[in-house]
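Enquirer: Supplied in structure tokens, the structure appears directly below.
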Amino acid sequence: MKEAAWLSLLRCPGIGPRRQRALLEKCGSAAACFGLRHAELPAAAQEWLRRSPEEGLMAADWQWLENPEQDLCTWLDDDYPPLLREIDDPPMALFLRGQRARLRDPLFAIVGSRTPSPVGAATARAFAEELGSSGLVIVSGLALGIDTAAHQGALASGTLAVLGNGIDLIYPRENLSLAREILQQGLIVSEQLPGTRIHRGLFPRRNRLISGMSLGTLVVEAAESSGSLITARLALEQGREVFAIPGSIHSPLSRGPHRLIREGAKLVETARDVLEELGPLFAASRAQPTAQREPEDADERRVFAALGQETLSSEEIAQRCGLTLPALSSILMRMEIHGYIASCPGGRFCRLPYPA
């Protein structure tokens, strides 16, 4: 079965996501990786892959496989989040509970302090509700505080919770009832294998998924040492937009957002500020790719094909197309004028769904 092969491949000792991806490209599927000799891999990995996939599974894996309410989105699936493919170390698979269709929706992260002020929590809840009603699915980490408020605000429109532990454990336990509510319209996601328990080292990895699958990240309240600032900096490294809500200069919880604003984050006061800044990137993420018309010019078609459903920098496009940056610049200008593409936040470009 596909899931058993994937679980065993993910547990294979001595190889990480990059080698797993190379194996998939070589063999074509997770199941096809087994029963073969892979001389290029460490000895432990070779031994593991010579066996059948089922031999490597643990009790937690079998429990997960027997649960019909849980699912797996793999690197080879069409609904793997496209923005997540762009980060430096994307996971090979995501474990899911809830409404899988949310992976296809435009995602936006809201994060902040675990001990917010009442005003901060209310602000996060209000932003999540308005952004959700505008078509964004709100992503957060199911932590106490701002994460909880963001999920609560987006329950009606659908929200996505990213866990730092295995999908078979809800943490913190105080949010167990909230997790059940999320499953009605939203989705719970983890890259960690079933049975993975909580430890601090997994939270930064969780944070890179929150920012990596999202069009942008909003920080509501955060101290200067907050993990939310890690999420925001990861978003910047990933070429995403970062937004911050200012607060009182006397509040320690304002120092994180104020620091981000000094470093270049967008200061926002309303949800409309976020939507206006996301602009064409949000519009393109909501569009169906079948509604697009290709350019007639050969060079423009190359650029159009290179973009696919991603948002790329001019350097990335030039590398994919084998063009110099000066030559590409004029092509991008023509395509933008004719309505095939749009400039997006972070100096990137994306296709437009309905070219003129």
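A note on labels: chains of the structure tokens are A, B, ... as shown, every chain counts residues from 1, and ligands are counted from 1 in their shown order.
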Could you list, as a ChimeraX atom specification, every residue within 8 Å of range 45-50 of chain A, counting only C-alpha atoms and ignoring same-chain residues fewer than 3 positions away?

Expert: /A:9,12-15,33-39,41-42,53,56

Enquirer: Please, could you write that set of residues out with N, CA and C atoms as a PDB file, in the first residue's frame?

Expert:
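Below you can see selection_7.pdb, which holds the result:
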ATOM      1  N   LEU A   9       9.737   4.711   4.007  1.00  0.00           N
ATOM      2  CA  LEU A   9      10.766   5.541   3.380  1.00  0.00           C
ATOM      3  C   LEU A   9      11.138   6.716   4.284  1.00  0.00           C
ATOM      4  N   CYS A  12      13.459   5.658   6.988  1.00  0.00           N
ATOM      5  CA  CYS A  12      14.717   5.044   6.563  1.00  0.00           C
ATOM      6  C   CYS A  12      15.906   5.740   7.224  1.00  0.00           C
ATOM      7  N   PRO A  13      16.782   5.029   7.926  1.00  0.00           N
ATOM      8  CA  PRO A  13      17.911   5.660   8.628  1.00  0.00           C
ATOM      9  C   PRO A  13      18.992   6.123   7.659  1.00  0.00           C
ATOM     10  N   GLY A  14      19.640   7.227   8.025  1.00  0.00           N
ATOM     11  CA  GLY A  14      20.809   7.663   7.273  1.00  0.00           C
ATOM     12  C   GLY A  14      20.530   8.533   6.069  1.00  0.00           C
ATOM     13  N   ILE A  15      19.254   8.828   5.769  1.00  0.00           N
ATOM     14  CA  ILE A  15      18.950   9.713   4.642  1.00  0.00           C
ATOM     15  C   ILE A  15      17.909  10.731   5.064  1.00  0.00           C
ATOM     16  N   CYS A  33      11.114   2.104  -4.356  1.00  0.00           N
ATOM     17  CA  CYS A  33      12.434   2.284  -3.732  1.00  0.00           C
ATOM     18  C   CYS A  33      12.877   1.039  -2.972  1.00  0.00           C
ATOM     19  N   PHE A  34      11.933   0.153  -2.668  1.00  0.00           N
ATOM     20  CA  PHE A  34      12.229  -1.010  -1.832  1.00  0.00           C
ATOM     21  C   PHE A  34      12.525  -2.247  -2.680  1.00  0.00           C
ATOM     22  N   GLY A  35      13.327  -3.133  -2.091  1.00  0.00           N
ATOM     23  CA  GLY A  35      13.682  -4.368  -2.767  1.00  0.00           C
ATOM     24  C   GLY A  35      14.777  -4.206  -3.793  1.00  0.00           C
ATOM     25  N   LEU A  36      15.440  -3.062  -3.787  1.00  0.00           N
ATOM     26  CA  LEU A  36      16.513  -2.785  -4.739  1.00  0.00           C
ATOM     27  C   LEU A  36      17.813  -2.519  -3.990  1.00  0.00           C
ATOM     28  N   ARG A  37      18.916  -2.578  -4.711  1.00  0.00           N
ATOM     29  CA  ARG A  37      20.221  -2.233  -4.149  1.00  0.00           C
ATOM     30  C   ARG A  37      20.526  -0.783  -4.510  1.00  0.00           C
ATOM     31  N   HIS A  38      20.826   0.019  -3.497  1.00  0.00           N
ATOM     32  CA  HIS A  38      21.156   1.435  -3.702  1.00  0.00           C
ATOM     33  C   HIS A  38      22.574   1.667  -3.194  1.00  0.00           C
ATOM     34  N   ALA A  39      23.549   1.419  -4.049  1.00  0.00           N
ATOM     35  CA  ALA A  39      24.957   1.458  -3.631  1.00  0.00           C
ATOM     36  C   ALA A  39      25.400   2.841  -3.203  1.00  0.00           C
ATOM     37  N   LEU A  41      23.942   4.874  -1.235  1.00  0.00           N
ATOM     38  CA  LEU A  41      23.423   5.240   0.081  1.00  0.00           C
ATOM     39  C   LEU A  41      24.253   4.623   1.203  1.00  0.00           C
ATOM     40  N   PRO A  42      24.173   5.193   2.415  1.00  0.00           N
ATOM     41  CA  PRO A  42      24.846   4.587   3.569  1.00  0.00           C
ATOM     42  C   PRO A  42      24.381   3.146   3.788  1.00  0.00           C
ATOM     43  N   PRO A  53       8.550  -2.773   2.641  1.00  0.00           N
ATOM     44  CA  PRO A  53       8.225  -1.565   3.421  1.00  0.00           C
ATOM     45  C   PRO A  53       7.622  -1.869   4.782  1.00  0.00           C
ATOM     46  N   GLY A  56       9.633  -2.211   8.262  1.00  0.00           N
ATOM     47  CA  GLY A  56      10.188  -1.081   8.992  1.00  0.00           C
ATOM     48  C   GLY A  56       9.179  -0.286   9.792  1.00  0.00           C
TER      49      GLY A  56
END

Enquirer: Run DSSP on the backbone of this structure and report the residues of range 174-318 of chain A it assigns to alpha helix (DSSP H), as a ChimeraX atom specification.

Expert: /A:176-185,202-212,227-237,255-262,271-286,298-307,314-318

Enquirer: Which residues, written as a ChimeraX atom specification, have at least one atom at most 9 Å from Gln192 in chain A, with only C-alpha atoms counted and residues fewer than 4 positions away on the same chain left out?

Expert: /A:93-95,163-167,196,202

Enquirer: Mind the document's chain letters and residue numbers, and return as a PyMOL selection string the residues of range 184-306 of chain A that DSSP labels strand (DSSP E).

Expert: chain A and resi 187-190+216-219+241-244+266-267

Enquirer: Would you save the residues from that selection as a CSV table (one decimal), in the first residue's frame, using N, CA and C atoms?

Expert:
chain,number,residue,atom,x,y,z
A,187,LEU,N,-8.1,22.1,8.7
A,187,LEU,CA,-7.1,21.0,8.5
A,187,LEU,C,-6.0,21.1,9.6
A,188,ILE,N,-5.6,19.9,10.1
A,188,ILE,CA,-4.4,19.9,11.0
A,188,ILE,C,-3.4,19.1,10.2
A,189,VAL,N,-2.1,19.7,10.3
A,189,VAL,CA,-1.0,19.2,9.5
A,189,VAL,C,0.2,19.0,10.3
A,190,SER,N,1.0,18.0,10.0
A,190,SER,CA,2.3,17.8,10.6
A,190,SER,C,3.2,17.1,9.6
A,216,GLY,N,2.0,35.1,3.2
A,216,GLY,CA,2.6,36.1,4.1
A,216,GLY,C,2.4,35.7,5.6
A,217,THR,N,3.0,36.4,6.5
A,217,THR,CA,2.9,36.2,7.9
A,217,THR,C,2.7,37.5,8.6
A,218,LEU,N,1.7,37.5,9.5
A,218,LEU,CA,1.3,38.6,10.4
A,218,LEU,C,1.7,38.3,11.8
A,219,VAL,N,2.5,39.2,12.4
A,219,VAL,CA,2.8,39.1,13.8
A,219,VAL,C,2.0,40.1,14.6
A,241,GLU,N,6.0,37.8,2.3
A,241,GLU,CA,5.7,39.1,2.9
A,241,GLU,C,5.6,39.0,4.4
A,242,VAL,N,6.0,39.9,5.2
A,242,VAL,CA,5.9,39.9,6.7
A,242,VAL,C,5.2,41.2,7.1
A,243,PHE,N,4.2,41.1,7.9
A,243,PHE,CA,3.4,42.2,8.4
A,243,PHE,C,3.4,42.2,9.9
A,244,ALA,N,3.3,43.4,10.5
A,244,ALA,CA,3.3,43.5,11.9
A,244,ALA,C,2.3,44.6,12.4
A,266,LYS,N,5.9,45.1,6.9
A,266,LYS,CA,4.9,46.1,6.6
A,266,LYS,C,4.0,46.4,7.9
A,267,LEU,N,3.9,47.7,8.2
A,267,LEU,CA,3.0,48.1,9.3
A,267,LEU,C,1.6,48.0,8.8

Enquirer: Which one is closest to Pro17 in chain A: A:Gly145, A:Pro295, A:Pro246, A:Pro91? Count only C-alpha atoms.

Expert: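 That would be A:Pro91, the residue with the smallest distance to Pro17 in chain A.
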
Enquirer: Can you tell me, as a ChimeraX atom specification, what residues are no more than 12 Å from range 332-338 of chain A when counting only C-alpha atoms, ignoring any on the same chain fewer than 2 positions away?

Expert: /A:280,293-304,307,312-315,317-318,323,325-330,340-344,348-352,354-356

Enquirer: Go through A:Met92, A:Leu144, A:Leu160, A:Leu193 and flag the residue nearest Gly16 in chain A, using only C-alpha atoms for the distances.

Expert: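 Among A:Met92, A:Leu144, A:Leu160, A:Leu193, it is A:Met92 that comes nearest to Gly16 in chain A.
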
Enquirer: Hey, can you check how far CA of Ser211 in chain A sits from CA of Gly186 in chain A?

Expert: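 CA of Ser211 in chain A sits 17.6 Å away from CA of Gly186 in chain A.
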
Enquirer: Residues within 9 Å of Asn175 in chain A, please, as an MDAnalysis selection string. Count only C-alpha atoms; anything in the same chain fewer than 5 positions from it doesn't count.

Expert: chainID A and resid 142:144 148 170 180

Enquirer: Excluding same-chain residues fewer than 2 positions from Pro118 in chain A, what lies within 12 Å of it counting only C-alpha atoms, as a list in words?

Expert: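 Contacts, with the query itself left out: Ser113, Arg114, Thr115, Pro116, Gly120, Ala121, Ala122, Thr123, Ala124, Arg125, Gly145, Ile146, Ala149, Val220, Glu221 and Leu253 of chain A.
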
Enquirer: How far is it from CA of Ala128 in chain A to CA of Ile245 in chain A, in Å with one decimal?

Expert: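 We find that CA of Ala128 in chain A and CA of Ile245 in chain A lie 13.2 Å from each other.
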
Enquirer: Can you measure CA of Ala60 in chain A to CA of Pro82 in chain A for me? One decimal in Å is fine.

Expert: 28.9 Å

Enquirer: Which residue is closest to Ile182 in chain A? Choose from A:Val137, A:Ala32, A:Ala222, A:Leu169 and count only C-alpha atoms.

Expert: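 Smallest distance to Ile182 in chain A is found for A:Val137.
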
Enquirer: Using only C-alpha atoms, can you tell me which of A:Glu69, A:Ile210, A:Gln185, A:Lys26 comes closest to Val139 in chain A?

Expert: A:Ile210
